[in-house]
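entry.cif (mmCIF, C-alpha atoms)
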data_query
loop_
_atom_site.label_atom_id
_atom_site.label_comp_id
_atom_site.auth_asym_id
_atom_site.auth_seq_id
_atom_site.Cartn_x
_atom_site.Cartn_y
_atom_site.Cartn_z
CA MET A 1 54.07 -1.27 -32.31
CA LYS A 2 52.12 -4.54 -32.10
CA LEU A 3 52.58 -4.62 -28.31
CA THR A 4 51.21 -1.09 -28.01
CA LYS A 5 48.14 -1.97 -30.06
CA LEU A 6 47.52 -5.08 -27.99
CA LEU A 7 47.90 -3.06 -24.80
CA LEU A 8 45.38 -0.49 -26.05
CA VAL A 9 42.94 -3.24 -26.98
CA ALA A 10 43.35 -4.85 -23.54
CA ILE A 11 42.76 -1.52 -21.81
CA SER A 12 39.70 -0.84 -23.97
CA VAL A 13 38.22 -4.26 -23.25
CA SER A 14 38.94 -3.87 -19.55
CA PHE A 15 37.31 -0.43 -19.52
CA PHE A 16 34.25 -1.72 -21.40
CA VAL A 17 33.77 -4.68 -19.07
CA SER A 18 34.25 -2.48 -16.02
CA CYS A 19 31.69 0.06 -17.25
CA SER A 20 29.24 -2.69 -18.20
CA ASN A 21 29.47 -4.21 -14.72
CA ASP A 22 29.00 -0.81 -13.12
CA ASP A 23 25.93 -0.20 -15.28
CA ASP A 24 24.47 -3.57 -14.26
CA ASN A 25 24.80 -2.56 -10.62
CA ASP A 26 23.40 0.94 -11.05
CA PRO A 27 20.08 1.44 -9.28
CA LYS A 28 17.07 1.81 -11.58
CA GLY A 29 15.77 4.70 -9.53
CA VAL A 30 15.81 6.31 -6.12
CA TYR A 31 13.66 3.51 -4.68
CA ASP A 32 15.71 0.56 -5.91
CA ASN A 33 17.52 -1.77 -3.48
CA GLY A 34 15.30 -1.25 -0.49
CA PHE A 35 11.88 -1.90 1.01
CA PHE A 36 8.54 -0.13 1.19
CA VAL A 37 6.39 0.20 4.29
CA LEU A 38 2.68 0.45 3.47
CA ASN A 39 0.95 2.82 5.88
CA GLU A 40 -2.77 2.08 5.92
CA GLY A 41 -3.72 5.60 6.97
CA SER A 42 -7.25 6.95 7.22
CA LYS A 43 -10.23 6.70 4.88
CA ALA A 44 -8.93 9.75 3.04
CA LYS A 45 -5.19 9.14 2.91
CA GLY A 46 -2.53 6.49 3.26
CA THR A 47 1.19 6.75 2.58
CA VAL A 48 4.14 4.60 1.50
CA SER A 49 7.53 4.92 3.21
CA PHE A 50 10.85 3.67 1.81
CA SER A 51 14.19 2.66 3.28
CA SER A 52 17.30 1.50 1.47
CA ASP A 53 18.48 -1.99 2.41
CA ASP A 54 21.57 -0.58 4.13
CA LEU A 55 19.30 1.80 6.10
CA SER A 56 21.32 4.83 4.98
CA THR A 57 18.43 6.57 3.19
CA PHE A 58 14.80 6.93 4.18
CA THR A 59 11.76 8.66 2.70
CA LYS A 60 8.68 8.89 4.89
CA ASP A 61 6.21 9.59 2.05
CA ALA A 62 7.61 8.17 -1.20
CA TYR A 63 4.36 8.46 -3.15
CA GLY A 64 3.66 12.05 -2.15
CA THR A 65 7.27 13.07 -2.80
CA ALA A 66 7.20 11.62 -6.31
CA ASN A 67 3.73 12.87 -7.28
CA ASN A 68 3.38 16.45 -6.04
CA ASN A 69 1.41 15.38 -2.98
CA ASP A 70 -1.23 13.50 -5.00
CA LEU A 71 -3.00 11.00 -2.71
CA PRO A 72 -2.86 7.23 -3.33
CA GLY A 73 -6.21 6.79 -1.55
CA GLY A 74 -7.11 5.73 1.95
CA TYR A 75 -6.97 2.51 3.96
CA LEU A 76 -4.07 1.19 1.87
CA GLN A 77 -4.17 -2.58 1.93
CA ASN A 78 -1.52 -4.21 -0.27
CA ILE A 79 1.23 -3.67 -2.83
CA PHE A 80 1.98 -6.14 -5.59
CA PHE A 81 4.56 -5.95 -8.39
CA ASP A 82 4.79 -6.78 -12.07
CA GLY A 83 7.91 -5.94 -14.03
CA ASP A 84 8.89 -2.32 -13.37
CA ASN A 85 5.50 -1.43 -11.93
CA ALA A 86 4.05 -1.45 -8.42
CA TYR A 87 0.31 -1.58 -7.77
CA ILE A 88 -0.97 0.05 -4.57
CA ILE A 89 -4.40 -1.18 -3.46
CA SER A 90 -6.58 1.33 -1.62
CA GLY A 91 -9.50 -0.41 0.05
CA GLY A 92 -10.95 2.86 1.30
CA SER A 93 -10.99 4.60 -2.08
CA ASN A 94 -11.66 1.59 -4.36
CA VAL A 95 -8.64 2.40 -6.48
CA ILE A 96 -5.32 0.85 -7.50
CA ASP A 97 -2.52 3.34 -8.13
CA VAL A 98 -0.03 2.10 -10.72
CA VAL A 99 3.47 3.53 -10.23
CA ASN A 100 6.98 2.84 -11.44
CA ARG A 101 8.44 0.76 -8.63
CA TYR A 102 11.83 2.50 -8.82
CA THR A 103 10.73 6.15 -9.11
CA PHE A 104 7.19 5.87 -7.69
CA LYS A 105 5.95 8.19 -10.42
CA LEU A 106 2.23 7.67 -11.07
CA ILE A 107 1.45 5.85 -14.34
CA ALA A 108 -2.29 5.20 -14.09
CA LYS A 109 -5.20 4.66 -11.74
CA VAL A 110 -7.58 1.68 -11.87
CA GLU A 111 -10.86 3.15 -10.65
CA THR A 112 -13.58 0.80 -11.89
CA GLY A 113 -14.58 -2.75 -10.98
CA LEU A 114 -13.30 -2.52 -7.41
CA VAL A 115 -15.35 -2.64 -4.20
CA ASN A 116 -13.28 -2.87 -1.02
CA PRO A 117 -10.25 -4.43 -2.79
CA ARG A 118 -7.88 -6.41 -0.61
CA TYR A 119 -4.91 -8.32 -2.12
CA GLY A 120 -3.55 -8.90 -5.62
CA VAL A 121 -1.36 -11.26 -7.65
CA VAL A 122 -0.25 -11.34 -11.29
CA LYS A 123 -0.30 -14.04 -13.95
CA ASP A 124 0.42 -13.60 -17.68
CA GLY A 125 -0.32 -9.90 -17.92
CA LYS A 126 -3.42 -9.95 -15.75
CA ALA A 127 -3.88 -8.92 -12.13
CA TYR A 128 -6.24 -10.86 -9.89
CA VAL A 129 -7.50 -8.83 -6.93
CA THR A 130 -9.76 -10.05 -4.13
CA ASN A 131 -12.67 -7.74 -3.30
CA ALA A 132 -14.59 -7.87 -0.01
CA ASN A 133 -17.53 -6.10 -1.69
CA THR A 134 -20.22 -5.26 0.90
CA PHE A 135 -19.00 -6.17 4.37
CA GLU A 136 -22.57 -7.02 5.42
CA SER A 137 -22.59 -10.11 3.16
CA SER A 138 -20.36 -13.17 3.44
CA THR A 139 -21.20 -14.49 -0.04
CA ASP A 140 -20.71 -11.56 -2.43
CA ASP A 141 -16.90 -11.35 -2.58
CA TYR A 142 -15.18 -11.69 -5.94
CA VAL A 143 -11.88 -11.57 -7.80
CA ALA A 144 -11.45 -8.61 -10.15
CA ILE A 145 -9.41 -9.27 -13.29
CA ILE A 146 -7.37 -6.31 -14.54
CA ASP A 147 -5.58 -6.11 -17.89
CA LEU A 148 -2.12 -4.77 -17.04
CA LYS A 149 -1.47 -3.56 -20.59
CA THR A 150 -4.36 -1.11 -20.40
CA ASN A 151 -4.74 -0.92 -16.60
CA ALA A 152 -8.46 -1.48 -17.11
CA PHE A 153 -10.93 -3.69 -15.25
CA GLU A 154 -11.81 -6.62 -17.49
CA SER A 155 -14.19 -8.94 -15.65
CA LYS A 156 -14.78 -10.62 -12.32
CA ILE A 157 -15.01 -14.09 -10.83
CA ASP A 158 -17.77 -14.48 -8.23
CA LEU A 159 -16.72 -16.58 -5.24
CA ASN A 160 -19.95 -17.00 -3.24
CA ALA A 161 -17.79 -16.72 -0.13
CA THR A 162 -15.66 -14.28 1.84
CA ALA A 163 -12.21 -13.71 0.32
CA ASN A 164 -9.04 -12.11 1.61
CA ARG A 165 -5.42 -13.11 0.97
CA ILE A 166 -4.45 -14.66 -2.35
CA VAL A 167 -1.56 -16.68 -3.78
CA GLN A 168 -1.06 -17.68 -7.44
CA GLN A 169 0.71 -20.91 -8.27
CA ASN A 170 0.69 -22.97 -11.47
CA GLY A 171 -2.36 -21.23 -12.92
CA LYS A 172 -4.45 -21.55 -9.78
CA LEU A 173 -5.54 -18.87 -7.30
CA TYR A 174 -5.57 -19.97 -3.65
CA ILE A 175 -7.69 -17.67 -1.50
CA THR A 176 -8.19 -17.58 2.25
CA GLU A 177 -10.94 -16.00 4.26
CA PRO A 178 -10.22 -15.05 7.87
CA PHE A 179 -13.56 -15.77 9.51
CA SER A 180 -15.92 -18.72 9.89
CA ASN A 181 -15.60 -20.32 6.45
CA SER A 182 -13.47 -23.46 6.76
CA LYS A 183 -12.60 -23.75 3.08
CA LEU A 184 -9.54 -22.74 1.08
CA LEU A 185 -10.95 -21.40 -2.19
CA ILE A 186 -9.28 -22.46 -5.45
CA VAL A 187 -9.87 -20.69 -8.76
CA ASP A 188 -8.70 -22.05 -12.12
CA ILE A 189 -7.38 -19.04 -14.03
CA ALA A 190 -7.86 -20.65 -17.45
CA THR A 191 -11.56 -21.41 -16.93
CA LYS A 192 -12.28 -18.59 -14.44
CA LYS A 193 -14.17 -21.14 -12.40
CA LEU A 194 -13.98 -22.37 -8.82
CA ASP A 195 -12.40 -25.75 -8.29
CA THR A 196 -13.48 -27.93 -5.40
CA PRO A 197 -12.41 -26.10 -2.22
CA ILE A 198 -10.28 -27.75 0.44
CA ASP A 199 -11.39 -27.93 4.06
CA ILE A 200 -8.66 -26.45 6.24
CA GLY A 201 -10.68 -25.16 9.20
CA PRO A 202 -11.93 -21.64 10.03
CA SER A 203 -9.98 -18.45 10.72
CA ALA A 204 -7.29 -19.10 8.11
CA ASP A 205 -5.57 -15.90 7.08
CA GLY A 206 -1.80 -15.74 6.55
CA ILE A 207 -0.75 -17.74 3.48
CA GLU A 208 2.68 -18.25 1.89
CA GLU A 209 4.01 -20.57 -0.83
CA ALA A 210 7.48 -22.11 -0.81
CA ASN A 211 8.84 -25.10 -2.74
CA GLY A 212 5.43 -26.33 -3.85
CA ILE A 213 3.83 -26.13 -0.41
CA LEU A 214 1.24 -23.67 0.84
CA TYR A 215 1.69 -22.62 4.47
CA ILE A 216 -1.52 -21.29 6.00
CA LEU A 217 -1.80 -19.85 9.51
CA ARG A 218 -5.01 -20.52 11.42
CA ALA A 219 -5.86 -18.78 14.69
CA PRO A 220 -9.44 -19.59 15.73
CA GLY A 221 -10.68 -17.84 18.85
CA ASN A 222 -11.99 -21.01 20.46
CA ASP A 223 -9.28 -23.49 19.49
CA ARG A 224 -5.52 -23.92 19.06
CA SER A 225 -3.60 -22.01 16.42
CA GLU A 226 -1.76 -24.07 13.80
CA ILE A 227 0.09 -23.91 10.49
CA ILE A 228 -1.51 -25.96 7.71
CA LYS A 229 0.95 -27.35 5.14
CA LEU A 230 -0.76 -28.14 1.83
CA ARG A 231 1.38 -29.92 -0.76
CA LEU A 232 0.13 -28.63 -4.10
CA SER A 233 1.14 -31.66 -6.16
CA ASP A 234 -1.32 -33.99 -4.43
CA LYS A 235 -3.21 -31.74 -1.96
CA LEU A 236 -1.79 -33.72 0.98
CA ILE A 237 -2.23 -31.83 4.26
CA SER A 238 0.09 -31.93 7.26
CA LYS A 239 0.34 -29.54 10.20
CA ILE A 240 2.60 -27.72 12.59
CA ALA A 241 0.67 -27.96 15.85
CA PHE A 242 0.64 -25.11 18.38
CA PRO A 243 0.15 -25.58 22.14
CA ALA A 244 -2.32 -23.50 24.16
CA ALA A 245 0.52 -21.14 25.12
CA LEU A 246 0.58 -19.98 21.49
CA ASP A 247 -3.14 -19.31 21.11
CA GLY A 248 -3.96 -16.22 19.07
CA ALA A 249 -1.10 -16.39 16.56
CA GLY A 250 -1.04 -13.33 14.34
CA PHE A 251 1.32 -13.36 11.34
CA LEU A 252 3.28 -15.87 9.27
CA ASP A 253 6.24 -15.67 6.88
CA ILE A 254 8.47 -18.33 5.32
CA TYR A 255 12.18 -17.63 4.95
CA ASN A 256 15.12 -19.98 4.30
CA ASP A 257 13.18 -23.17 5.13
CA LYS A 258 11.85 -21.75 8.39
CA ALA A 259 8.37 -20.68 9.36
CA TYR A 260 8.36 -17.42 11.32
CA TYR A 261 5.21 -16.52 13.25
CA THR A 262 4.01 -14.04 15.82
CA VAL A 263 1.99 -14.39 18.99
CA GLY A 264 1.29 -11.12 20.72
CA ASN A 265 4.48 -9.06 20.40
CA SER A 266 6.76 -12.11 20.27
CA VAL A 267 8.34 -13.72 17.21
CA TYR A 268 9.11 -17.44 16.90
CA SER A 269 10.55 -19.73 14.25
CA VAL A 270 10.57 -23.43 13.47
CA ALA A 271 11.80 -25.57 10.57
CA THR A 272 9.18 -25.92 7.86
CA SER A 273 9.58 -29.71 8.19
CA ALA A 274 8.56 -29.60 11.85
CA THR A 275 5.30 -30.98 13.21
CA ALA A 276 5.28 -28.96 16.45
CA ALA A 277 5.80 -25.24 16.93
CA SER A 278 8.59 -23.72 18.98
CA THR A 279 7.51 -22.01 22.20
CA THR A 280 10.82 -20.18 22.67
CA PRO A 281 10.64 -16.69 21.16
CA ILE A 282 13.43 -15.22 19.07
CA LEU A 283 12.40 -11.85 20.45
CA THR A 284 9.67 -10.13 22.40
CA SER A 285 9.33 -6.62 21.12
CA THR A 286 8.79 -3.57 23.30
CA LEU A 287 6.45 -2.03 20.73
CA PRO A 288 4.37 0.73 22.28
CA GLY A 289 1.32 -0.89 20.72
CA TYR A 290 0.80 -4.18 18.91
CA VAL A 291 2.14 -6.00 15.86
CA TYR A 292 0.20 -4.85 12.79
CA GLY A 293 2.66 -5.79 10.05
CA PHE A 294 5.32 -8.49 9.82
CA ALA A 295 7.91 -9.85 7.40
CA VAL A 296 11.18 -11.77 7.35
CA ASN A 297 13.63 -11.07 4.52
CA ASN A 298 17.27 -10.17 3.84
CA ASN A 299 18.30 -11.70 7.18
CA ARG A 300 16.02 -9.34 9.10
CA ILE A 301 12.76 -9.48 11.01
CA TYR A 302 10.44 -6.54 10.30
CA LEU A 303 7.73 -5.52 12.77
CA ALA A 304 5.21 -2.70 12.39
CA ASP A 305 3.50 -1.10 15.37
CA GLY A 306 -0.22 -0.56 14.77
CA GLY A 307 -0.27 2.49 17.00
CA ASP A 308 -3.50 4.37 17.68
CA PHE A 309 -4.41 5.39 14.10
CA GLY A 310 -4.43 8.96 15.32
CA THR A 311 -0.70 9.64 15.13
CA ASP A 312 2.16 8.36 13.00
CA SER A 313 3.75 5.10 14.06
CA LYS A 314 7.05 3.21 13.82
CA VAL A 315 8.54 0.04 12.39
CA PHE A 316 11.27 -1.98 14.10
CA LEU A 317 14.01 -3.98 12.36
CA TYR A 318 15.78 -6.88 14.08
CA ASN A 319 18.45 -9.33 12.97
CA LEU A 320 17.54 -13.01 12.95
CA SER A 321 18.96 -13.42 16.47
CA GLY A 322 16.46 -10.89 17.78
CA THR A 323 18.74 -7.86 18.24
CA LEU A 324 17.16 -4.52 17.39
CA GLU A 325 18.96 -2.83 14.47
CA LYS A 326 16.80 0.18 13.66
CA GLU A 327 13.59 2.07 14.39
CA LEU A 328 11.96 4.06 11.59
CA ALA A 329 9.24 6.68 12.05
CA VAL A 330 6.70 6.00 9.30
CA GLY A 331 3.04 6.89 8.70
CA LEU A 332 -0.33 6.02 10.14
CA GLY A 333 -1.03 2.32 10.74
CA PRO A 334 1.89 0.55 8.98
CA ASN A 335 0.57 -2.84 7.91
CA GLY A 336 3.06 -4.42 5.50
CA PHE A 337 6.57 -4.60 4.05
CA TYR A 338 7.41 -4.97 0.34
CA PHE A 339 10.91 -5.62 -0.96
CA ASN A 340 12.27 -3.89 -4.07
CA ASP A 341 15.57 -5.69 -4.69
#

Written as structure tokens, that's how I'd like the structure from this file.
Amino acid sequence: MKLTKLLLVAISVSFFVSCSNDDDNDPKGVYDNGFFVLNEGSKAKGTVSFSSDDLSTFTKDAYGTANNNDLPGGYLQNIFFDGDNAYIISGGSNVIDVVNRYTFKLIAKVETGLVNPRYGVVKDGKAYVTNANTFESSTDDYVAIIDLKTNAFESKIDLNATANRIVQQNGKLYITEPFSNSKLLIVDIATKKLDTPIDIGPSADGIEEANGILYILRAPGNDRSEIIKLRLSDKLISKIAFPAALDGAGFLDIYNDKAYYTVGNSVYSVATSATAASTTPILTSTLPGYVYGFAVNNNRIYLADGGDFGTDSKVFLYNLSGTLEKELAVGLGPNGFYFND
């Protein structure tokens, strides 16, 4: 009798543990365990595509499918995440669509305080979004602050400069501008004031943070491309120098202690500790057009073809050795990849 009871207890415990583990691995929604492709689209409409990580499922228009063909706006620029939510920035419609990142069901729309919004980050329940404002001026850009509890515009931080990509680290916002300004802008979140900017040279655009270092890609039209390495602890700058053969670098990503970068339709990599760039490509893509979006994650290289902005385009997935794994037909002007793992 005692043995039977012990056996039943053991089976019950085993069943409970097994079910608990299964529950932990259950997807949170149809768009869990995969990646989004942001399709910039036209002034009136952009789309978001989704693929599972194992490439077995694909949805060309995840937002439209989940929201009865409601539009997320046009000229989609960026997606950022906070908790279970995803925030889709529409530069053409001056709106941020807030959706559940696993179901893509619409939660709210942020429709005030935005003028040509670009990129966003999150810190302590607030979103910080760069705004290009009027494109005719190079000094009127600002950071919009959005309360994520209410999804309402709260205030703004004037930058007196042109702003584009943004990274948040240790309570500071680091902001690049891709044109003639040679400064990296730094905003103190606590004071909402600009710190002393750092001179990094003009045409700085791509920016990534890894292990306390900012990696910033510069590609000036009249000089060599390079990767600036800014150590945040002491603001020490070092560089990965590019030869003339790599002029016109386009995109940058950091993955597993390597810097991956594009020049034309070729992808290269070099150790983040390096001082000189590699000139041997991992791959040279046969895109019908040009690289318009780029990422490296989950042991893959992701390339988006800019296309002609008149017809839908494709994205191309390669392994880290440069072998093509998959082509996906997406929307108009795919410009970025966002990972929902």

Residue with smallest distance to A:Ala62 - pool A:Gly221, A:Gly336, A:Gly125, A:Gly331, counting all atoms listed in the file:
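Comparing A:Gly221, A:Gly336, A:Gly125, A:Gly331 against A:Ala62, the winner is A:Gly331.
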
Expand the PyMOL selection byres ((chain A and resi 87-100) around 9) into the explicit residue set it covers here, and present it as a PyMOL selection string.
chain A and resi 38+40+42-46+63+72-82+84-86+101-120+129+131+151

Evaluated on this file, the PyMOL selection byres ((chain A and resi 33) around 8) picks out some residues - which ones are they, written as a PyMOL selection string?
chain A and resi 27+31-32+34-35+52-53+340-341

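The list of residues with at least one atom within 6 Å of stretch 183-195 of chain A, based on only C-alpha atoms and without residues fewer than 3 positions apart in the same chain, reads Gly171, Lys172, Leu173, Tyr174, Ile175, Thr176, Ile198, Asp199 and Ile200 of chain A.
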
Compare A:Ser180, A:Leu217, A:Tyr261, A:Gly41 by their minimum atom-to-atom distance to A:Asp308, counting all atoms listed in the file, and give me the closest one.
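For A:Asp308, the nearest of the given residues is A:Gly41.
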
Please provide the set of residues having any atom within 7 Å of A:Ser313, restricted to all atoms listed in the file, with same-chain residues fewer than 4 positions apart removed, written as a PyMOL selection string.
chain A and resi 305-307+329-333

So how far away is atom CA of A:Asn297 from atom CA of A:Tyr255, in Å?
6.7 Å
